>>> print(open('data16.pdb').read())   # PDB, C-alpha atoms, pLDDT in the B column
ATOM      1  CA  MET A   1       0.000   0.000   0.000  1.00 63.00           C
ATOM      2  CA  SER A   2       1.408   3.406  -0.983  1.00 82.00           C
ATOM      3  CA  LEU A   3       2.044   6.003   1.688  1.00 86.00           C
ATOM      4  CA  SER A   4      -0.069   9.136   1.975  1.00 95.00           C
ATOM      5  CA  PRO A   5       1.501  12.391   0.729  1.00 95.00           C
ATOM      6  CA  SER A   6       1.850  13.672   4.294  1.00 96.00           C
ATOM      7  CA  THR A   7       3.492  10.461   5.481  1.00 96.00           C
ATOM      8  CA  GLU A   8       5.968  10.523   2.599  1.00 96.00           C
ATOM      9  CA  LEU A   9       7.027  14.109   3.147  1.00 97.00           C
ATOM     10  CA  TYR A  10       7.168  14.021   6.938  1.00 97.00           C
ATOM     11  CA  SER A  11       9.035  10.699   6.847  1.00 97.00           C
ATOM     12  CA  LEU A  12      11.723  12.513   4.857  1.00 97.00           C
ATOM     13  CA  PHE A  13      11.859  15.275   7.459  1.00 98.00           C
ATOM     14  CA  GLN A  14      12.145  12.658  10.196  1.00 98.00           C
ATOM     15  CA  ARG A  15      14.965  10.825   8.427  1.00 98.00           C
ATOM     16  CA  LEU A  16      16.887  14.035   7.768  1.00 98.00           C
ATOM     17  CA  PHE A  17      16.577  15.000  11.417  1.00 98.00           C
ATOM     18  CA  VAL A  18      17.856  11.612  12.589  1.00 98.00           C
ATOM     19  CA  GLU A  19      20.775  11.647  10.130  1.00 98.00           C
ATOM     20  CA  ILE A  20      21.841  15.204  11.003  1.00 98.00           C
ATOM     21  CA  ASN A  21      21.293  14.587  14.708  1.00 98.00           C
ATOM     22  CA  ALA A  22      24.226  12.150  14.600  1.00 98.00           C
ATOM     23  CA  LEU A  23      26.446  15.243  14.238  1.00 98.00           C
ATOM     24  CA  PHE A  24      25.296  16.576  17.627  1.00 98.00           C
ATOM     25  CA  ASP A  25      26.474  15.430  21.057  1.00 96.00           C
ATOM     26  CA  PRO A  26      24.316  15.168  23.053  1.00 95.00           C
ATOM     27  CA  PRO A  27      21.580  14.429  20.523  1.00 97.00           C
ATOM     28  CA  LEU A  28      18.703  16.835  20.140  1.00 98.00           C
ATOM     29  CA  PRO A  29      15.097  15.975  21.119  1.00 97.00           C
ATOM     30  CA  VAL A  30      12.845  15.063  18.196  1.00 97.00           C
ATOM     31  CA  PRO A  31      10.629  18.070  17.346  1.00 98.00           C
ATOM     32  CA  MET A  32       7.259  18.465  15.696  1.00 98.00           C
ATOM     33  CA  PHE A  33       7.716  19.194  11.985  1.00 98.00           C
ATOM     34  CA  ALA A  34       5.542  21.721  10.180  1.00 97.00           C
ATOM     35  CA  LEU A  35       5.176  23.401   6.812  1.00 96.00           C
ATOM     36  CA  ASP A  36       5.114  27.186   6.719  1.00 94.00           C
ATOM     37  CA  GLN A  37       4.877  29.266   3.533  1.00 91.00           C
ATOM     38  CA  SER A  38       5.586  32.633   5.101  1.00 88.00           C
ATOM     39  CA  PRO A  39       7.486  34.863   2.655  1.00 83.00           C
ATOM     40  CA  LYS A  40      11.218  35.534   3.012  1.00 81.00           C
ATOM     41  CA  THR A  41      11.946  32.524   5.228  1.00 88.00           C
ATOM     42  CA  PHE A  42      13.340  29.074   4.545  1.00 92.00           C
ATOM     43  CA  GLY A  43      12.235  27.775   7.940  1.00 94.00           C
ATOM     44  CA  TYR A  44      12.208  28.497  11.661  1.00 95.00           C
ATOM     45  CA  TYR A  45      12.674  26.883  15.072  1.00 96.00           C
ATOM     46  CA  ARG A  46      10.550  27.419  18.186  1.00 96.00           C
ATOM     47  CA  ARG A  47      11.292  25.818  21.522  1.00 96.00           C
ATOM     48  CA  GLY A  48       8.505  24.007  23.392  1.00 97.00           C
ATOM     49  CA  ARG A  49       5.794  24.967  20.900  1.00 96.00           C
ATOM     50  CA  PHE A  50       3.743  21.761  21.283  1.00 97.00           C
ATOM     51  CA  VAL A  51       2.364  19.785  24.226  1.00 97.00           C
ATOM     52  CA  SER A  52       0.927  16.258  24.013  1.00 97.00           C
ATOM     53  CA  ALA A  53      -2.180  14.839  25.675  1.00 97.00           C
ATOM     54  CA  LYS A  54       0.245  13.179  28.122  1.00 97.00           C
ATOM     55  CA  GLY A  55       1.836  16.490  29.024  1.00 97.00           C
ATOM     56  CA  GLU A  56       5.023  15.979  26.989  1.00 97.00           C
ATOM     57  CA  ILE A  57       6.678  19.048  25.440  1.00 97.00           C
ATOM     58  CA  ALA A  58       8.061  19.161  21.892  1.00 98.00           C
ATOM     59  CA  ASP A  59       9.937  21.816  19.953  1.00 98.00           C
ATOM     60  CA  GLU A  60       8.879  22.878  16.452  1.00 98.00           C
ATOM     61  CA  ILE A  61      10.911  22.997  13.252  1.00 98.00           C
ATOM     62  CA  ALA A  62       9.062  24.435  10.277  1.00 97.00           C
ATOM     63  CA  ILE A  63      10.147  24.161   6.646  1.00 96.00           C
ATOM     64  CA  ASN A  64       8.974  26.372   3.773  1.00 95.00           C
ATOM     65  CA  PRO A  65       7.905  24.124   0.837  1.00 92.00           C
ATOM     66  CA  ARG A  66       8.183  27.077  -1.546  1.00 89.00           C
ATOM     67  CA  GLU A  67      11.935  27.151  -0.977  1.00 89.00           C
ATOM     68  CA  PHE A  68      12.745  23.479  -1.437  1.00 86.00           C
ATOM     69  CA  ALA A  69      10.591  23.458  -4.578  1.00 85.00           C
ATOM     70  CA  THR A  70      12.902  26.024  -6.166  1.00 86.00           C
ATOM     71  CA  HIS A  71      16.225  25.161  -4.484  1.00 88.00           C
ATOM     72  CA  GLY A  72      16.080  21.358  -4.215  1.00 91.00           C
ATOM     73  CA  PHE A  73      17.186  18.653  -1.778  1.00 94.00           C
ATOM     74  CA  ARG A  74      20.518  20.311  -0.956  1.00 95.00           C
ATOM     75  CA  GLU A  75      18.741  23.389   0.381  1.00 94.00           C
ATOM     76  CA  LEU A  76      16.347  21.242   2.402  1.00 96.00           C
ATOM     77  CA  VAL A  77      19.315  19.543   4.101  1.00 97.00           C
ATOM     78  CA  GLN A  78      20.860  22.929   4.837  1.00 97.00           C
ATOM     79  CA  THR A  79      17.613  24.368   6.205  1.00 97.00           C
ATOM     80  CA  MET A  80      17.020  21.402   8.508  1.00 98.00           C
ATOM     81  CA  ALA A  81      20.585  21.622   9.840  1.00 98.00           C
ATOM     82  CA  HIS A  82      20.356  25.423  10.228  1.00 97.00           C
ATOM     83  CA  GLU A  83      17.230  25.130  12.380  1.00 97.00           C
ATOM     84  CA  MET A  84      18.703  22.233  14.355  1.00 98.00           C
ATOM     85  CA  VAL A  85      21.625  24.473  15.344  1.00 97.00           C
ATOM     86  CA  HIS A  86      19.066  26.966  16.684  1.00 96.00           C
ATOM     87  CA  GLN A  87      17.544  24.052  18.600  1.00 97.00           C
ATOM     88  CA  TRP A  88      20.957  23.038  19.963  1.00 98.00           C
ATOM     89  CA  GLN A  89      21.613  26.586  21.144  1.00 97.00           C
ATOM     90  CA  ALA A  90      18.204  26.836  22.821  1.00 96.00           C
ATOM     91  CA  HIS A  91      18.914  23.687  24.835  1.00 97.00           C
ATOM     92  CA  HIS A  92      22.682  23.862  25.374  1.00 97.00           C
ATOM     93  CA  GLY A  93      23.867  27.392  24.604  1.00 95.00           C
ATOM     94  CA  LYS A  94      22.996  31.042  25.036  1.00 95.00           C
ATOM     95  CA  PRO A  95      20.712  32.415  22.293  1.00 93.00           C
ATOM     96  CA  SER A  96      20.623  36.152  21.632  1.00 90.00           C
ATOM     97  CA  ARG A  97      17.454  38.126  21.011  1.00 81.00           C
ATOM     98  CA  SER A  98      14.761  36.501  18.883  1.00 78.00           C
ATOM     99  CA  GLY A  99      15.929  35.803  15.343  1.00 77.00           C
ATOM    100  CA  TYR A 100      19.527  36.967  15.898  1.00 89.00           C
ATOM    101  CA  HIS A 101      22.387  34.683  14.851  1.00 95.00           C
ATOM    102  CA  ASN A 102      25.279  35.186  17.268  1.00 95.00           C
ATOM    103  CA  ALA A 103      28.904  33.957  17.323  1.00 96.00           C
ATOM    104  CA  GLU A 104      28.097  30.862  19.396  1.00 97.00           C
ATOM    105  CA  TRP A 105      25.485  29.778  16.861  1.00 96.00           C
ATOM    106  CA  ALA A 106      27.880  30.494  13.974  1.00 97.00           C
ATOM    107  CA  GLY A 107      30.611  28.399  15.596  1.00 97.00           C
ATOM    108  CA  LYS A 108      28.284  25.423  15.979  1.00 98.00           C
ATOM    109  CA  MET A 109      27.186  25.779  12.358  1.00 97.00           C
ATOM    110  CA  GLU A 110      30.786  25.521  11.197  1.00 98.00           C
ATOM    111  CA  SER A 111      31.436  22.524  13.462  1.00 98.00           C
ATOM    112  CA  ILE A 112      28.846  20.436  11.591  1.00 98.00           C
ATOM    113  CA  GLY A 113      29.995  21.654   8.177  1.00 98.00           C
ATOM    114  CA  LEU A 114      27.578  24.477   7.431  1.00 98.00           C
ATOM    115  CA  MET A 115      29.099  27.912   6.851  1.00 97.00           C
ATOM    116  CA  PRO A 116      26.926  30.841   7.973  1.00 96.00           C
ATOM    117  CA  SER A 117      26.861  33.739   5.524  1.00 96.00           C
ATOM    118  CA  SER A 118      24.557  36.723   5.195  1.00 94.00           C
ATOM    119  CA  THR A 119      24.798  36.386   1.411  1.00 93.00           C
ATOM    120  CA  GLY A 120      24.710  32.589   1.240  1.00 92.00           C
ATOM    121  CA  GLU A 121      28.135  32.770  -0.401  1.00 93.00           C
ATOM    122  CA  PRO A 122      31.781  33.021   0.737  1.00 94.00           C
ATOM    123  CA  GLY A 123      32.619  36.369   2.305  1.00 93.00           C
ATOM    124  CA  GLY A 124      29.243  37.108   3.880  1.00 94.00           C
ATOM    125  CA  SER A 125      28.806  38.017   7.554  1.00 95.00           C
ATOM    126  CA  LYS A 126      28.552  35.017   9.886  1.00 96.00           C
ATOM    127  CA  THR A 127      26.293  36.784  12.383  1.00 95.00           C
ATOM    128  CA  GLY A 128      23.282  39.064  12.206  1.00 93.00           C
ATOM    129  CA  GLN A 129      19.490  39.114  12.095  1.00 90.00           C
ATOM    130  CA  ARG A 130      19.229  37.362   8.730  1.00 90.00           C
ATOM    131  CA  VAL A 131      21.960  34.827   7.971  1.00 94.00           C
ATOM    132  CA  ALA A 132      21.892  32.192   5.223  1.00 94.00           C
ATOM    133  CA  ASP A 133      24.474  29.431   4.744  1.00 95.00           C
ATOM    134  CA  TYR A 134      26.293  27.084   2.369  1.00 95.00           C
ATOM    135  CA  LEU A 135      27.825  23.630   2.712  1.00 97.00           C
ATOM    136  CA  ILE A 136      31.516  23.526   3.622  1.00 97.00           C
ATOM    137  CA  GLU A 137      33.327  21.448   1.018  1.00 97.00           C
ATOM    138  CA  GLY A 138      34.578  18.231   2.586  1.00 97.00           C
ATOM    139  CA  GLY A 139      32.671  18.888   5.823  1.00 98.00           C
ATOM    140  CA  PRO A 140      30.449  16.446   7.750  1.00 98.00           C
ATOM    141  CA  LEU A 141      27.181  17.842   6.430  1.00 98.00           C
ATOM    142  CA  GLU A 142      28.301  17.800   2.804  1.00 98.00           C
ATOM    143  CA  ALA A 143      29.383  14.165   3.224  1.00 98.00           C
ATOM    144  CA  LEU A 144      25.934  13.383   4.629  1.00 98.00           C
ATOM    145  CA  TYR A 145      24.229  15.168   1.740  1.00 98.00           C
ATOM    146  CA  GLN A 146      26.337  13.319  -0.830  1.00 98.00           C
ATOM    147  CA  ARG A 147      25.595   9.941   0.801  1.00 98.00           C
ATOM    148  CA  LEU A 148      21.840  10.516   0.931  1.00 98.00           C
ATOM    149  CA  SER A 149      21.812  11.741  -2.676  1.00 96.00           C
ATOM    150  CA  ALA A 150      23.742   8.633  -3.769  1.00 97.00           C
ATOM    151  CA  GLU A 151      21.149   6.498  -1.968  1.00 97.00           C
ATOM    152  CA  GLY A 152      18.422   8.130  -4.031  1.00 95.00           C
ATOM    153  CA  VAL A 153      16.837  10.066  -1.168  1.00 96.00           C
ATOM    154  CA  MET A 154      14.772  12.866  -2.655  1.00 93.00           C
ATOM    155  CA  ILE A 155      11.918  15.255  -1.972  1.00 94.00           C
ATOM    156  CA  PRO A 156       8.689  13.343  -2.747  1.00 94.00           C
ATOM    157  CA  TRP A 157       6.205  16.257  -2.998  1.00 93.00           C
ATOM    158  CA  TYR A 158       6.436  19.860  -4.219  1.00 91.00           C
ATOM    159  CA  ASP A 159       4.213  22.944  -4.208  1.00 90.00           C
ATOM    160  CA  ARG A 160       2.653  22.875  -7.706  1.00 87.00           C
ATOM    161  CA  LEU A 161       2.150  26.612  -7.913  1.00 87.00           C
ATOM    162  CA  VAL A 162       5.810  27.306  -7.171  1.00 87.00           C
ATOM    163  CA  VAL A 163       7.015  24.663  -9.631  1.00 87.00           C
ATOM    164  CA  ALA A 164       4.723  25.964 -12.384  1.00 86.00           C
ATOM    165  CA  LEU A 165       5.760  29.583 -11.868  1.00 84.00           C
ATOM    166  CA  ALA A 166       9.454  28.645 -11.756  1.00 82.00           C
ATOM    167  CA  ALA A 167       9.108  26.601 -14.958  1.00 80.00           C
ATOM    168  CA  GLU A 168       7.368  29.511 -16.674  1.00 79.00           C
ATOM    169  CA  ALA A 169      10.121  31.918 -15.611  1.00 77.00           C
ATOM    170  CA  GLY A 170      12.916  29.442 -16.299  1.00 73.00           C
ATOM    171  CA  VAL A 171      14.454  29.924 -12.870  1.00 71.00           C
ATOM    172  CA  GLY A 172      15.122  27.905  -9.742  1.00 65.00           C
ATOM    173  CA  PHE A 173      15.906  24.257  -9.130  1.00 70.00           C
ATOM    174  CA  ALA A 174      15.847  22.034 -12.227  1.00 71.00           C
ATOM    175  CA  LEU A 175      13.200  19.394 -11.536  1.00 78.00           C
ATOM    176  CA  SER A 176      12.641  16.344 -13.698  1.00 78.00           C
ATOM    177  CA  SER A 177      10.522  16.821 -16.809  1.00 80.00           C
ATOM    178  CA  SER A 178       7.806  14.545 -15.388  1.00 81.00           C
ATOM    179  CA  VAL A 179       7.455  16.687 -12.248  1.00 84.00           C
ATOM    180  CA  THR A 180       7.399  19.919 -14.235  1.00 84.00           C
ATOM    181  CA  ALA A 181       4.912  18.531 -16.763  1.00 85.00           C
ATOM    182  CA  ALA A 182       2.570  17.377 -14.002  1.00 83.00           C
ATOM    183  CA  ALA A 183       2.853  20.738 -12.242  1.00 81.00           C
ATOM    184  CA  VAL A 184       1.779  22.732 -15.300  1.00 79.00           C
ATOM    185  CA  SER A 185      -0.738  20.219 -16.717  1.00 81.00           C
ATOM    186  CA  LEU A 186      -3.735  21.773 -14.959  1.00 70.00           C
ATOM    187  CA  PRO A 187      -4.468  25.329 -13.808  1.00 70.00           C
ATOM    188  CA  VAL A 188      -3.273  25.824 -10.264  1.00 59.00           C
ATOM    189  CA  MET A 189      -5.888  27.277  -7.977  1.00 60.00           C
ATOM    190  CA  LYS A 190      -4.409  30.158  -6.028  1.00 62.00           C
ATOM    191  CA  PRO A 191      -5.675  30.660  -2.460  1.00 59.00           C
ATOM    192  CA  GLU A 192      -8.781  32.813  -2.427  1.00 63.00           C
ATOM    193  CA  ALA A 193      -9.474  35.393   0.233  1.00 63.00           C
ATOM    194  CA  LYS A 194     -12.468  34.647   2.425  1.00 62.00           C
ATOM    195  CA  ALA A 195     -15.502  36.543   1.179  1.00 61.00           C
ATOM    196  CA  LYS A 196     -16.541  39.479   3.315  1.00 60.00           C
ATOM    197  CA  THR A 197     -19.863  38.718   5.005  1.00 62.00           C
ATOM    198  CA  SER A 198     -20.018  41.294   7.788  1.00 59.00           C
ATOM    199  CA  TYR A 199     -20.083  45.069   7.388  1.00 58.00           C
ATOM    200  CA  SER A 200     -19.915  47.978   9.811  1.00 62.00           C
ATOM    201  CA  HIS A 201     -22.954  50.231  10.294  1.00 59.00           C
ATOM    202  CA  GLN A 202     -22.567  53.563  12.064  1.00 64.00           C
ATOM    203  CA  CYS A 203     -25.230  55.695  13.670  1.00 63.00           C
ATOM    204  CA  SER A 204     -25.799  58.763  11.486  1.00 58.00           C
ATOM    205  CA  ALA A 205     -26.281  60.934  14.574  1.00 57.00           C
ATOM    206  CA  ASP A 206     -23.236  59.778  16.566  1.00 53.00           C
ATOM    207  CA  SER A 207     -20.947  57.597  14.475  1.00 47.00           C
ATOM    208  CA  GLU A 208     -18.088  57.571  16.977  1.00 53.00           C
ATOM    209  CA  LEU A 209     -20.238  56.385  19.846  1.00 54.00           C
ATOM    210  CA  LEU A 210     -22.258  53.647  18.200  1.00 59.00           C
ATOM    211  CA  LYS A 211     -21.233  51.056  15.606  1.00 66.00           C
ATOM    212  CA  VAL A 212     -22.645  47.609  14.887  1.00 64.00           C
ATOM    213  CA  TRP A 213     -21.703  44.833  12.479  1.00 63.00           C
ATOM    214  CA  GLY A 214     -24.150  42.944  10.278  1.00 65.00           C
ATOM    215  CA  ARG A 215     -24.998  41.822   6.759  1.00 66.00           C
ATOM    216  CA  LYS A 216     -24.791  44.167   3.802  1.00 66.00           C
ATOM    217  CA  GLY A 217     -27.844  46.429   3.390  1.00 64.00           C
ATOM    218  CA  LEU A 218     -28.978  46.025   6.987  1.00 66.00           C
ATOM    219  CA  VAL A 219     -31.138  48.958   8.199  1.00 68.00           C
ATOM    220  CA  LEU A 220     -31.284  49.689  11.928  1.00 65.00           C
ATOM    221  CA  THR A 221     -32.709  52.538  14.013  1.00 69.00           C
ATOM    222  CA  CYS A 222     -30.744  53.798  17.006  1.00 68.00           C
ATOM    223  CA  GLY A 223     -32.775  53.333  20.183  1.00 64.00           C
ATOM    224  CA  LEU A 224     -30.969  56.234  21.890  1.00 63.00           C
ATOM    225  CA  CYS A 225     -31.262  59.038  19.378  1.00 67.00           C
ATOM    226  CA  GLY A 226     -33.503  57.689  16.637  1.00 64.00           C
ATOM    227  CA  GLY A 227     -30.771  57.974  14.036  1.00 66.00           C
ATOM    228  CA  ILE A 228     -30.318  55.428  11.240  1.00 67.00           C
ATOM    229  CA  PHE A 229     -27.326  53.090  11.189  1.00 60.00           C
ATOM    230  CA  ALA A 230     -25.828  53.497   7.714  1.00 60.00           C
ATOM    231  CA  GLY A 231     -23.123  51.482   6.014  1.00 56.00           C
ATOM    232  CA  GLY A 232     -22.494  48.154   4.324  1.00 53.00           C
TER     233      GLY A 232
END
>>> encode(input="data16.pdb", output="structure tokens")
Amino acid sequence: MSLSPSTELYSLFQRLFVEINALFDPPLPVPMFALDQSPKTFGYYRRGRFVSAKGEIADEIAINPREFATHGFRELVQTMAHEMVHQWQAHHGKPSRSGYHNAEWAGKMESIGLMPSSTGEPGGSKTGQRVADYLIEGGPLEALYQRLSAEGVMIPWYDRLVVALAAEAGVGFALSSSVTAAAVSLPVMKPEAKAKTSYSHQCSADSELLKVWGRKGLVLTCGLCGGIFAGG
């Protein structure tokens, strides 16, 4: 029986975590994995975000599927490791203010083979509010990435909208022709905003004092001054 899409994708996240966790001593606690499509982020870490019915606490590591759809498996490995270093620092180090990447964090990144860089390339700042990274050639994390790639480990599911837009623009990670063809074979439904169903109505005599919300076209009379609530 084939696995569900969620099981396939989250099983990959779980395996990556276990493989990268071997580079940490002591090992890190297994977090809850999540998908988050917030703009301008590859992922994030939050300590103690989840609690189980038994009262157990779990951290959260979120991954942005838009990014691994355009940057590929290598970037997914880097993002998981990047967030795991934040997790390590939260449990065993001294984090700076929220979102800041300090020297302690940068040193741990380098120790597992991931070079912090504000530009994502050699020469960038290793610390700061927004810091990307790249694999250190010959380092532990690159060796892990090469081994998993040789074993055929790959991302099983992609965001169709991102793949279709990237294919149209001719940019981003080069996916197989079958994936690209499937992504653009049907129109991709973009998320629709929830239709507005409630409107504000203000008293014509004292709009700052009285305001109510209701369906469009609703007509109400103010019981205090006799004015009509207008709006919608």
>>> closest_residue(input="data16.pdb", among="A:Ser96, A:Thr79, A:Thr70, A:Gln129", to="Ala164 of chain A", atoms="only C-alpha atoms")
A:Thr70
>>> residues_around(input="data16.pdb", residues="Glu67 of chain A", least_positions_apart="4", cutoff="9 Å", atoms="only C-alpha atoms", output="number ranges by chain")
A: 37, 41-43, 63, 71-72, 75-76, 162
>>> residues_around(input="data16.pdb", residues="Pro26 of chain A", least_positions_apart="2", cutoff="12 Å", atoms="all atoms listed in the file", output="ChimeraX atom specification")
/A:21-24,28-29,88-89,91-92
>>> resolve_selection(input="data16.pdb", expression="the PyMOL selection byres ((chain A and resi 135) around 12)", output="PyMOL selection string")
chain A and resi 74-79+81-82+109-117+120-122+132-134+136-146
>>> residues_around(input="data16.pdb", residues="segment 176-178 of chain A", least_positions_apart="2", cutoff="12 Å", atoms="all atoms listed in the file", output="compact mmCIF listing (two decimals) with C-alpha atoms, in the coordinates of the input")
# COMPACT_ATOMS: atom_id res chain seq x y z
CA ALA A 69 10.59 23.46 -4.58
CA GLY A 72 16.08 21.36 -4.22
CA MET A 154 14.77 12.87 -2.66
CA ILE A 155 11.92 15.26 -1.97
CA TYR A 158 6.44 19.86 -4.22
CA VAL A 163 7.02 24.66 -9.63
CA ALA A 164 4.72 25.96 -12.38
CA ALA A 167 9.11 26.60 -14.96
CA PHE A 173 15.91 24.26 -9.13
CA ALA A 174 15.85 22.03 -12.23
CA THR A 180 7.40 19.92 -14.24
CA ALA A 181 4.91 18.53 -16.76
CA ALA A 182 2.57 17.38 -14.00
CA ALA A 183 2.85 20.74 -12.24
CA VAL A 184 1.78 22.73 -15.30
CA SER A 185 -0.74 20.22 -16.72
>>> resolve_selection(input="data16.pdb", expression="the PyMOL selection byres ((chain A and resi 17) around 10)", output="list in words")
Ser11, Leu12, Phe13, Gln14, Arg15, Leu16, Val18, Glu19, Ile20, Asn21, Ala22, Leu28, Pro29, Val30, Pro31, Phe33, Ile61, Val77, Met80, Ala81 and Met84 of chain A
>>> atom_distance(input="data16.pdb", atom1="atom CA of Leu148 of chain A", atom2="atom CA of Ser118 of chain A")
26.7 Å
>>> closest_residue(input="data16.pdb", among="A:Val179, A:Val85, A:Ala150, A:Ala90", to="Lys108 of chain A", atoms="only C-alpha atoms")
A:Val85
>>> closest_residue(input="data16.pdb", among="A:Lys126, A:Arg160, A:Asn64, A:Tyr44", to="Pro187 of chain A", atoms="all atoms listed in the file")
A:Arg160
>>> atom_distance(input="data16.pdb", atom1="atom CA of Gly170 of chain A", atom2="atom CA of Ser38 of chain A")
22.8 Å
>>> closest_residue(input="data16.pdb", among="A:Gly48, A:Pro27, A:His101, A:Arg66", to="Asp159 of chain A", atoms="all atoms listed in the file")
A:Arg66
>>> atom_distance(input="data16.pdb", atom1="atom CA of Leu161 of chain A", atom2="atom CA of Pro39 of chain A")
14.4 Å
>>> residues_around(input="data16.pdb", residues="Pro156 of chain A", least_positions_apart="4", cutoff="10 Å", atoms="only C-alpha atoms", output="PyMOL selection string")
chain A and resi 5-6+8-12
>>> closest_residue(input="data16.pdb", among="A:Ser149, A:Ser2, A:Thr7, A:Thr119", to="Val131 of chain A", atoms="all atoms listed in the file")
A:Thr119
